[in-house]
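Chemist: Sharing a structure here in structure tokens format.
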Amino acid sequence: MIYPKKYDVVVIGGGHAGCEAALISSRLGVNTLMLTIALDSIGAMSCNPAIGGLAKGHLVKEVDVFGGEMARNIDETGLQFKILNKSKGPAVWSSRAQADMTAYKLRMKYILEQQKNLDIKQETVDEIIAEDNKIIGVKTNIGNEYLCDSVVVTTGTFMKGKIFIGLNEYEAGRAWEPPSKKLSDSLRELGLRVGRLKTGTTPRLDARTIDFDSLKLQPGDDEPVPFSFKTTNFNRPNIPCYLAHTNEKTHKIILQNLDQSPLYSGMVESMGPRYCPSIEDKVVKFFEKKQHQIFLEPQDEHSTEIYADGLHTSLGYEVQLKFLRSMKGLEEVEIMRPGYAIEYDFVDPTQLKHTLETKKIKGLFLAGQINGTSGYEEAAAQGIIAGINAAFQMQKKKLFTVGRDEAYTGVLIDDLVTKGTKEPYRMFTSRAEYRLILREDNTQLRLAEKAFKAGLMNKEHYEMVMEQKAKIQEMVKKLKTTYIFPNDDTNKKLQALGTKIIKTKTDLAKMLRRTEINYENLIELNPNLEKLEPFIKQEVEIDLKYEGYLNLQKQQIEKFKKYEELKIPSDFDYNVVGGLSNEVRGKLMEIKPSSIGQAIRIPGVTPAAISIIVVHLKKSNDKRYKSTA
Amino acid sequence: MYDDDVIAAIATGYGASAIGIIRVSGRSAFEILKKIFTQQPPYKHRYLHYGHILNKDSSIIDEVLVSVFEQPHSYTGENSFEINCHGGILVLNKILQRLLESGARLAQPGEFTKRAFLNGKLDLSQAEAVEKIISSKTERALKIAQRQLRGRFSSKLDTIREKILFLMAENEVIIDHPDEDLSSISFEKKIETVRNIQSELKNILKASELGNTLFEGILLAIVGKPNVGKSSLLNILTGTERSIVTEIPGTTRDVVSESFVIDGIPFTILDTAGIRKTEDVVESIGVQKSVEAIHKADMVLAVFDATKKLEDEDLHIIEHIKNTNKKTLAVLNKTDTPSLICKSDIPFDNVINISCKTRDGLEKLEDSLSKLSLGEIEDSDIVSLNANQKESIKNAIDICEQLIKDIENNIDPSLIAVDLIGLTDYLDEIVGKITNEDMLDVMFKNFCIGK
Ligand SMILES: Nc1nc2c(ncn2[C@@H]2O[C@H](COP(=O)(O)OP(=O)(O)OP(=O)(O)O)[C@@H](O)[C@H]2O)c(=O)[nH]1
Ligand SMILES: [Mg+2]
């Protein structure tokens with residue numbers, strides 16, 4: 001039947017991208033429907049039971065500032081929290097938490113169910129209906145047709161998903177859930193290029209059969225810090241992980257059984273990620289390494305299932321069991337669910353705009369693993385951007401895009417739509433050119449204004465952030481204009497602090513730049529200095545200690561922006577531009593960069609080509625040239 | 001590309017022009033001028049300003065006239081100026097170098113025209129031509145640059161690239177994969193790698209000096225006893241009447257310099273006073289100068305008079321040249337008149353008969369000059385760096401120094417990364433662009449990471 005209620009936005013899929021997309025679009029006030037293959041799997045963690053990590057923690061916090069749920073959800077359901085890289089500079093501090101994955105998904109489902117403007121239904125979408133390259137609606141497996149203006153597709157690994165365990169293969173979207181067999185054909189018919197990727201997961205073990213006493217304990221931080229800037233009353237347990245190691249015996253077993261691996265027997269030909277190699281890859285490619293780390297992580301506070309991180313494998317069950325039992329502490333281990341490799345359809349993301357709408361079909365948005373990424377956090381970040389834009393388009397508001405200079409979310413999306421990907425794309429801090437500026441600690445400070453202006457943050461919260469910002473600036477200024485003098489008293493204090501004495505009048509900012517000096521020490525030197533709350537103190541320290549580097553990056557950003565602001569109209573005709581090589585022309589026509597800045601980042605586009613386009617743009621913008629040309 | 005950097009380029013071609021012009025354009029062009037010019041602002045639009053271009057240490061590079069054009073009333077529509085100096089590729093290059101040091105960058109081919117166009121200074125037909133200029137010139141320049149860069153140094157450049165990539169990958173592993181138990185990368189090893197990169201860069205800089213022959217030209221000293229026809233020779237080589245020619249021996253007393261091009265190699269020729277024992281004070285200073293000229297020169301053109309027997313003075317010159325071990329081409333002049341000596345009387349390997357009067361032998365002379373200057377060197381053996389590239393390598397060498405210090409001080413890896421990215425930015429043109437994707441490739445190949 002054609003369903004009588006017409007929706008503004010239909011979200012296909014209930015994973016991490018789908019949840020954020022559906023929540024934000026309904027929160028922004030448009031009628032939203034989520035269609036998912038399995039209601040029970042909303043917010044499910046198909047792979048490791050953890051949120052955050054390097055560069056991913058950044059994404060989670062950005063999603064939080066944009067009005068998303070991931071940070072809040074892990075804050076309510078995490079089993080341990082840790083700040084990674086705390087011994088290194090603040091730019092690379094990253095939050096990570098182990099999740100109770102059952103609690104995580106239940107809470108997420110609960111939040112969705114409480115949400116106004118949002119309906120949730122368990123149906124499989126077989127077809128996306130479009131006319132004249134514009135979305136009309138979707139058709140499901142039980143014959144329902146839902147009319148809508150926009151569709152956000154967030155199907156994860158489900159499209160034509162195929163699982164491999166040893167030489168056995170079967171169709172599945174995730175472990176034991178049915179795949180979406182028809183949707184990618186529908187996308188193909190709409191004219192989108194679809195490719196195939198591979199990823200994998202690890203065996204789940206029975207905690208009762210592991211000798212934890214012989215393994216190294218890995219607890220979270222004693223003083224855990226929540227992800228969300230909105231979390232108050234934060235009180236979560238600190239349940240440890242354990243560290244195990246493979247050994248030469250393990251490696252030998254794996255090497256002897258490579259013929260049992262679909263990855264090595266040629267059954268799986270698609271490209272897997274380089275950074276998340278299967279254990280068979282690790283053993284083959286790093287033959288000289290005598291051991292690899294295995295992290296045993298709790299999956300659920302109330303279950304004995306243990307996730308064996310570091311052991312992605314597609315080897316057969318028998319081999320998995322054998323190599324597991326070769327490890328110390330796992331001699332008697334029982335597998336509860338085996339590891340597997342999964343192959344699935346994805347859509348080449350260079351067919352998307354920065355809004356995550358496809359260039360071809362108006363109203364069709366894609367987010368998450370369908371765009372070739374990996375990771376819950378990458379999915380959530382795309383989900384929220386796609387959801388915001390599906391809603392904004394409906395409301396005829398200016399669409400929402402994020403720059404590389406503003407957030408990791410911007411880096412992620414720009415990389416995808418500009419360069420595409422050959423393997424499941426994972427975020428790294430090195431991908432961000434302006435890493436020193438895009439930090440976790442300042443996520444709110446740098447994004448509040450953007451979020452508030454777009455209506456994604458309420459006024460009260462915004463004003464609170466602005467107050468913090470003003471306070472930080474005030475303190476930085478103050479320290480630059482407050483001096484200490486080279487008298488006995490001061491120099492004695494300096495010696496006591498283990499730092500060099502001063503010989504001339506010195507401002508406190510300069511003192512703070514010394515590695516061994518912190519803000520508290522400044523108070524000792526100048527008791528008139530006010531006490532600061534920890535966050536303000538930390539930001540003041542970072543601003544001053546890294547000032548030179550931060551200014552350098554700010555300058556680079558100015559230069560970067562200039563190119564971003566040189567827009568290329570979407571109907572710009574590269575065919576009339578002389579002097580471009582066919583290869584470069586082809587790339588430009590395919591990607592249709594929205595600015596000169598983006599064009600520069602397309603691999604293979606030369607500076608000479610950019611010059612030529614700039615000249616042409618000028619010509620077509622300038623009336624003098626237009627009238628005669 | 002489009003930016004408002006200050007760009008600079010030599011506007012006059014190599015060759016025999018008496019005056020050289022360097023053109024500079026960009027919003028903050030005058031700030032750069034201020035740094036290197038004895039005359040300080042305000043500069044008057046469309047006026048010629050007289051003064052000297054100075055080195056960093058305030059020593060004088062050249063006496064110049066600078067014409068100033070304020071935006072938008074200049075060719076490019078931007079603030080711009082032109083430095084008119086005393087020709088000669090050496091001086092031009094020095095001034096250009098000085099501009100680059102002070103914040104300008106070398107203009108891309110066609111860039112002045114492009115800017116003129118972008119600022120609405122050209123009419124449509126001129127505008128149509130801009131694209132062609134950019135594509136053809138850039139392509140050619142690029143090809144030449146690449147061919148020259150990737151000669152014998154190809155593998156060295158690749159090693160430098162690999163080393164930088166490895167350092168980056170190591171650094172990023174430490175940042176992005178704190179959980180991994182990587183056999184820690186030793187501190188000394190890192191510093192050693194940076195030092196290696198640094199010394200390779202220094203080698204390339206050195207090697208480029210040979211390549212510079214092509215760009216900066218060869219300094220050629222003409223020597224010979226008085227009245228053998230040195231000035232005449234200079235005049236026919238350069239096609240000018242710069243040197244005074246008389247029948248009176250000892251006419252040339254100063255060193256006169258002039259440029260000309262053979263086979264694309266720019267030569268700067270120094271005409272000198274004839275060498276002989278002399279009591280005349282002015283002339284003896286000239287002689288002293290010509291002795292200096294031989295020392296300064298890359299090559300020597302020794303001139304002998306075919307109408308006279310070899311004299312003490314000739315032998316004196318021969319001995320002098322032989323002592324310096326410089327590449328020498330001997331010329332037996334005035335062969336239009338009956339000769340008293342022949343080629344075999346001159347004790348040099350390369351001797352050519354010539355007549356400045358009839359220009360017989362001129363072609364042969366030019367040919368020999370070209371061959372002798374480059375010797376047996378293959379084209380592919382020459383690293384030719386333009387002024388910008390040299391500046392970049394020098395900057396890269398400096399960053400290496402900083403990097404070593406930062407590694408020694410154990411500063412934060414996210415800051416080390418800034419040094420490393422600075423290094424790759426400078427070496428972009430030289431070793432090829434290093435992208436994050438390249439770094440990730442090296443990282444995943446060399447480090448077993450990822451859970
Ligand atoms: N017949 C003949 N006369 C020549 C030739 N080359 C130069 N002369 C004459 O030789 C005289 C000296 O020429 P210059 O070129 O002034 O000689 P120079 O070596 O520069 O002399 P100083 O500067 O005095 O050391 C002039 O009268 C020329 O005309 C030649 O090839 N043939
Ligand atoms: Mg003379």
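Chain lettering (A, B, ...) mirrors the order of the structure tokens, residue numbering begins at 1 for each chain separately, and ligand numbering begins at 1 in order of display.
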Using DSSP on the backbone coordinates, identify all residues within segment 13-235 of chain A classified as helix (DSSP H, G or I); present the result as JSON, numbers by chain.

Modeler: {"A": [16, 17, 18, 19, 20, 21, 22, 23, 24, 25, 26, 27, 39, 40, 41, 56, 57, 58, 59, 60, 61, 62, 63, 64, 65, 70, 71, 72, 73, 74, 75, 76, 77, 90, 91, 92, 101, 102, 103, 104, 105, 106, 107, 108, 109, 110, 111, 112, 113, 114, 183, 184, 185, 186, 187, 188, 189, 207, 208, 209, 212, 213, 214]}

Chemist: Excluding same-chain residues fewer than 5 positions from Phe234 of chain A, what lies within 10 Å of it counting only C-alpha atoms, as a list in words?

Modeler: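 Within the cut-off, the hits are Asp75, Glu76, Pro224, Val225 and Pro226 of chain A.
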
Chemist: Give me, as a VMD selection string, the residues of segment 1-119 of chain B that a backbone DSSP run labels strand (DSSP E or B).

Modeler: chain B and resid 7 to 10 20 to 25 37 48 to 54 60 to 69 80 to 85 105 to 106

Chemist: Save the residues we just selected, C-alpha atoms, as a PDB file, in the first residue's frame?

Modeler:
ATOM      1  CA  ILE B   7      56.101  37.524  -7.168  1.00  0.00           C
ATOM      2  CA  ALA B   8      59.366  38.376  -8.870  1.00  0.00           C
ATOM      3  CA  ALA B   9      61.103  37.480 -12.102  1.00  0.00           C
ATOM      4  CA  ILE B  10      63.868  38.633 -14.387  1.00  0.00           C
ATOM      5  CA  GLY B  20      68.629  44.128 -16.805  1.00  0.00           C
ATOM      6  CA  ILE B  21      65.133  44.454 -15.456  1.00  0.00           C
ATOM      7  CA  ILE B  22      63.553  42.564 -12.591  1.00  0.00           C
ATOM      8  CA  ARG B  23      59.819  42.874 -12.238  1.00  0.00           C
ATOM      9  CA  VAL B  24      58.082  42.523  -8.885  1.00  0.00           C
ATOM     10  CA  SER B  25      54.356  42.551  -8.150  1.00  0.00           C
ATOM     11  CA  PHE B  37      66.708  49.402  -1.248  1.00  0.00           C
ATOM     12  CA  LEU B  48      62.214  56.504 -11.114  1.00  0.00           C
ATOM     13  CA  HIS B  49      63.965  56.111  -7.800  1.00  0.00           C
ATOM     14  CA  TYR B  50      67.736  56.038  -7.738  1.00  0.00           C
ATOM     15  CA  GLY B  51      69.702  54.086  -5.154  1.00  0.00           C
ATOM     16  CA  HIS B  52      71.472  50.848  -4.328  1.00  0.00           C
ATOM     17  CA  ILE B  53      70.249  47.331  -3.720  1.00  0.00           C
ATOM     18  CA  LEU B  54      71.860  46.050  -0.567  1.00  0.00           C
ATOM     19  CA  ILE B  60      76.078  46.965  -2.095  1.00  0.00           C
ATOM     20  CA  ILE B  61      74.896  44.569  -4.792  1.00  0.00           C
ATOM     21  CA  ASP B  62      74.312  47.110  -7.528  1.00  0.00           C
ATOM     22  CA  GLU B  63      73.452  50.661  -8.395  1.00  0.00           C
ATOM     23  CA  VAL B  64      69.899  50.735  -9.722  1.00  0.00           C
ATOM     24  CA  LEU B  65      66.905  52.712 -10.875  1.00  0.00           C
ATOM     25  CA  VAL B  66      63.573  51.513  -9.548  1.00  0.00           C
ATOM     26  CA  SER B  67      60.338  52.485 -11.243  1.00  0.00           C
ATOM     27  CA  VAL B  68      57.322  52.265  -9.001  1.00  0.00           C
ATOM     28  CA  PHE B  69      53.686  51.658  -9.948  1.00  0.00           C
ATOM     29  CA  SER B  80      54.595  46.702  -8.422  1.00  0.00           C
ATOM     30  CA  PHE B  81      58.069  47.924  -9.226  1.00  0.00           C
ATOM     31  CA  GLU B  82      60.831  47.275 -11.689  1.00  0.00           C
ATOM     32  CA  ILE B  83      64.473  47.243 -10.815  1.00  0.00           C
ATOM     33  CA  ASN B  84      66.695  48.430 -13.637  1.00  0.00           C
ATOM     34  CA  CYS B  85      70.231  47.328 -13.041  1.00  0.00           C
ATOM     35  CA  ARG B 105      58.595  34.151  -4.546  1.00  0.00           C
ATOM     36  CA  LEU B 106      59.605  33.328  -8.088  1.00  0.00           C
TER      37      LEU B 106
END

Chemist: Taking only C-alpha atoms into account, report as an MDAnalysis selection string which residues of chain A lie within 8 Å of chain B.

Modeler: chainID A and resid 54:55 84:85 88:89 91:92 274:277 282 286 293:294 309:312 428:431 436 549 563 578:580 607:612 614:615 618 625

Chemist: Do a neighbour search on Ala221 of chain B at 9 Å with only C-alpha atoms, toss out local chain neighbours closer than 6 positions, and write the hits as a ChimeraX atom specification.

Modeler: /B:268-272,290,293-302

Chemist: Write the residues of the selection above to a file with C-alpha atoms, as a PDB file, in the first residue's frame.

Modeler:
ATOM      1  CA  THR B 268      79.792  36.729 -18.842  1.00  0.00           C
ATOM      2  CA  ILE B 269      83.014  37.863 -20.353  1.00  0.00           C
ATOM      3  CA  LEU B 270      85.607  39.952 -18.574  1.00  0.00           C
ATOM      4  CA  ASP B 271      87.831  41.971 -20.826  1.00  0.00           C
ATOM      5  CA  THR B 272      91.026  42.792 -19.060  1.00  0.00           C
ATOM      6  CA  SER B 290      93.168  41.107 -14.868  1.00  0.00           C
ATOM      7  CA  ALA B 293      89.885  38.232 -13.214  1.00  0.00           C
ATOM      8  CA  ILE B 294      91.672  35.012 -14.081  1.00  0.00           C
ATOM      9  CA  HIS B 295      91.232  33.820 -10.537  1.00  0.00           C
ATOM     10  CA  LYS B 296      87.605  34.771 -10.411  1.00  0.00           C
ATOM     11  CA  ALA B 297      86.769  33.309 -13.810  1.00  0.00           C
ATOM     12  CA  ASP B 298      85.445  29.837 -14.536  1.00  0.00           C
ATOM     13  CA  MET B 299      87.321  29.771 -17.817  1.00  0.00           C
ATOM     14  CA  VAL B 300      90.050  31.697 -19.549  1.00  0.00           C
ATOM     15  CA  LEU B 301      90.235  32.861 -23.132  1.00  0.00           C
ATOM     16  CA  ALA B 302      93.946  33.481 -23.857  1.00  0.00           C
TER      17      ALA B 302
END

Chemist: Using only C-alpha atoms, which of the listed residues (A:Phe365, A:Tyr317, A:Tyr170, A:Phe227) sits closest to Ala71 of chain A?

Modeler: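 Of the candidates, the smallest distance to Ala71 of chain A is held by A:Phe227.
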
Chemist: Extract, using only C-alpha atoms, all DNA, RNA and protein residues at most 12 Å from segment 306-321 of chain B, discarding same-chain residues fewer than 6 positions from it, and format them as a ChimeraX atom specification.

Modeler: /B:221-229,273-278,287,290-295,297,299-300,327-348,351-356

Chemist: Write out as a list in words which residues come within 6 Å of Ala104 of chain B when counting only C-alpha atoms, dropping same-chain ones fewer than 2 positions away.

Modeler: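 The contact residues come out as Val6, Ile7, Leu99 and Leu100 of chain B.
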
Chemist: So that I have them on file, write out the residues from the current selection with C-alpha atoms, as a JSON list (two decimals), in the first residue's frame.

Modeler:
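Final file, again-v9.json:
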[["chain", "number", "residue", "atom", "x", "y", "z"],
["B", 6, "VAL", "CA", 54.65, 38.99, -3.99],
["B", 7, "ILE", "CA", 56.10, 37.52, -7.17],
["B", 99, "LEU", "CA", 64.12, 39.56, -3.26],
["B", 100, "LEU", "CA", 63.31, 35.92, -2.57]]

Chemist: Mind pulling up the distance from atom CA of Gln299 of chain A to atom CA of Thr202 of chain A?

Modeler: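 So the answer is 12.5 Å.
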
Chemist: Just checking: using only C-alpha atoms and all ligand atoms, which residue out of B:Asn410, B:Thr324, B:Asn235, B:Ser392 ends up closest to ligand 1?

Modeler: B:Asn235

Chemist: Excluding segment 191-203 of chain B and any residue of its chain fewer than 6 positions from it, enumerate the residues within 7 Å of it, using only C-alpha atoms, and give them as a list in words.

Modeler: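 Near neighbours after the sequence-gap exclusion: Ile160, Lys163, Ile393, Ile397, Cys400 and Ile404 of chain B.
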
Chemist: Write a file of the selected residues as a PDB file, in the first residue's frame, keeping all heavy atoms.

Modeler:
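After the write, result_5.pdb holds the following:
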ATOM      1  N   ILE B 160      65.886  10.490   0.123  1.00  0.00           N
ATOM      2  CA  ILE B 160      65.501  11.580   1.033  1.00  0.00           C
ATOM      3  C   ILE B 160      64.009  11.500   1.310  1.00  0.00           C
ATOM      4  O   ILE B 160      63.565  11.578   2.446  1.00  0.00           O
ATOM      5  CB  ILE B 160      65.835  12.959   0.417  1.00  0.00           C
ATOM      6  CG1 ILE B 160      67.342  13.131   0.323  1.00  0.00           C
ATOM      7  CG2 ILE B 160      65.230  14.072   1.242  1.00  0.00           C
ATOM      8  CD1 ILE B 160      67.772  14.437  -0.271  1.00  0.00           C
ATOM      9  N   LYS B 163      63.179   8.696   3.612  1.00  0.00           N
ATOM     10  CA  LYS B 163      63.585   8.965   4.988  1.00  0.00           C
ATOM     11  C   LYS B 163      62.608   9.904   5.680  1.00  0.00           C
ATOM     12  O   LYS B 163      62.254   9.701   6.837  1.00  0.00           O
ATOM     13  CB  LYS B 163      64.993   9.554   5.023  1.00  0.00           C
ATOM     14  CG  LYS B 163      66.042   8.486   4.835  1.00  0.00           C
ATOM     15  CD  LYS B 163      67.439   9.032   4.960  1.00  0.00           C
ATOM     16  CE  LYS B 163      68.431   7.885   4.803  1.00  0.00           C
ATOM     17  NZ  LYS B 163      69.710   8.336   4.277  1.00  0.00           N
ATOM     18  N   ILE B 393      65.657  24.606  -0.483  1.00  0.00           N
ATOM     19  CA  ILE B 393      66.590  23.645   0.100  1.00  0.00           C
ATOM     20  C   ILE B 393      67.293  24.258   1.300  1.00  0.00           C
ATOM     21  O   ILE B 393      67.466  23.613   2.334  1.00  0.00           O
ATOM     22  CB  ILE B 393      67.616  23.155  -0.939  1.00  0.00           C
ATOM     23  CG1 ILE B 393      66.880  22.358  -2.012  1.00  0.00           C
ATOM     24  CG2 ILE B 393      68.689  22.300  -0.298  1.00  0.00           C
ATOM     25  CD1 ILE B 393      67.772  21.573  -2.910  1.00  0.00           C
ATOM     26  N   ILE B 397      67.179  22.810   5.010  1.00  0.00           N
ATOM     27  CA  ILE B 397      68.375  22.515   5.806  1.00  0.00           C
ATOM     28  C   ILE B 397      68.234  23.144   7.192  1.00  0.00           C
ATOM     29  O   ILE B 397      68.564  22.530   8.207  1.00  0.00           O
ATOM     30  CB  ILE B 397      69.651  23.010   5.080  1.00  0.00           C
ATOM     31  CG1 ILE B 397      69.906  22.130   3.850  1.00  0.00           C
ATOM     32  CG2 ILE B 397      70.853  22.991   6.014  1.00  0.00           C
ATOM     33  CD1 ILE B 397      70.979  22.637   2.927  1.00  0.00           C
ATOM     34  N   CYS B 400      65.847  21.169   9.311  1.00  0.00           N
ATOM     35  CA  CYS B 400      66.502  19.957   9.834  1.00  0.00           C
ATOM     36  C   CYS B 400      67.210  20.282  11.146  1.00  0.00           C
ATOM     37  O   CYS B 400      67.174  19.501  12.094  1.00  0.00           O
ATOM     38  CB  CYS B 400      67.513  19.414   8.830  1.00  0.00           C
ATOM     39  SG  CYS B 400      66.738  18.603   7.429  1.00  0.00           S
ATOM     40  N   ILE B 404      66.386  18.576  14.738  1.00  0.00           N
ATOM     41  CA  ILE B 404      67.352  17.892  15.592  1.00  0.00           C
ATOM     42  C   ILE B 404      67.247  18.433  17.012  1.00  0.00           C
ATOM     43  O   ILE B 404      67.196  17.672  17.984  1.00  0.00           O
ATOM     44  CB  ILE B 404      68.787  18.073  15.039  1.00  0.00           C
ATOM     45  CG1 ILE B 404      68.919  17.292  13.735  1.00  0.00           C
ATOM     46  CG2 ILE B 404      69.826  17.600  16.054  1.00  0.00           C
ATOM     47  CD1 ILE B 404      70.164  17.601  12.948  1.00  0.00           C
TER      48      ILE B 404
END

Chemist: Could you give me, as a list in words, the residues within 9 Å of segment 513-525 of chain A, counting only C-alpha atoms and dropping anything in the same chain fewer than 3 positions from it?

Modeler: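 The filter keeps Ile484, Thr490, Lys493, Leu494, Leu497, Gly498, Thr499, Leu508, Ala509, Lys510, Asn528, Leu529, Glu530, Lys531, Leu532, Lys537, Gln538, Val540, Glu541, Leu544, Lys545, Tyr546 and Glu547 of chain A.
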
Chemist: Select, from B:Asn395, B:Ser231, B:Ser368, B:Asn350, the residue with the minimum atom-to-atom distance to ligand 1, counting only C-alpha atoms and all ligand atoms.

Modeler: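 Of all the options, B:Ser231 lies closest to ligand 1.
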
Chemist: Do you have the atom CA of Gln320 of chain A-atom CA of Gly339 of chain A distance handy?

Modeler: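 Computing the Euclidean distance for atom CA of Gln320 of chain A and atom CA of Gly339 of chain A yields 8.0 Å.
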
Chemist: For atom CA of His45 of chain B and atom CA of Glu78 of chain B, quote the distance in Å rounded to one decimal.

Modeler: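 Straight-line distance from atom CA of His45 of chain B to atom CA of Glu78 of chain B works out to 12.2 Å.
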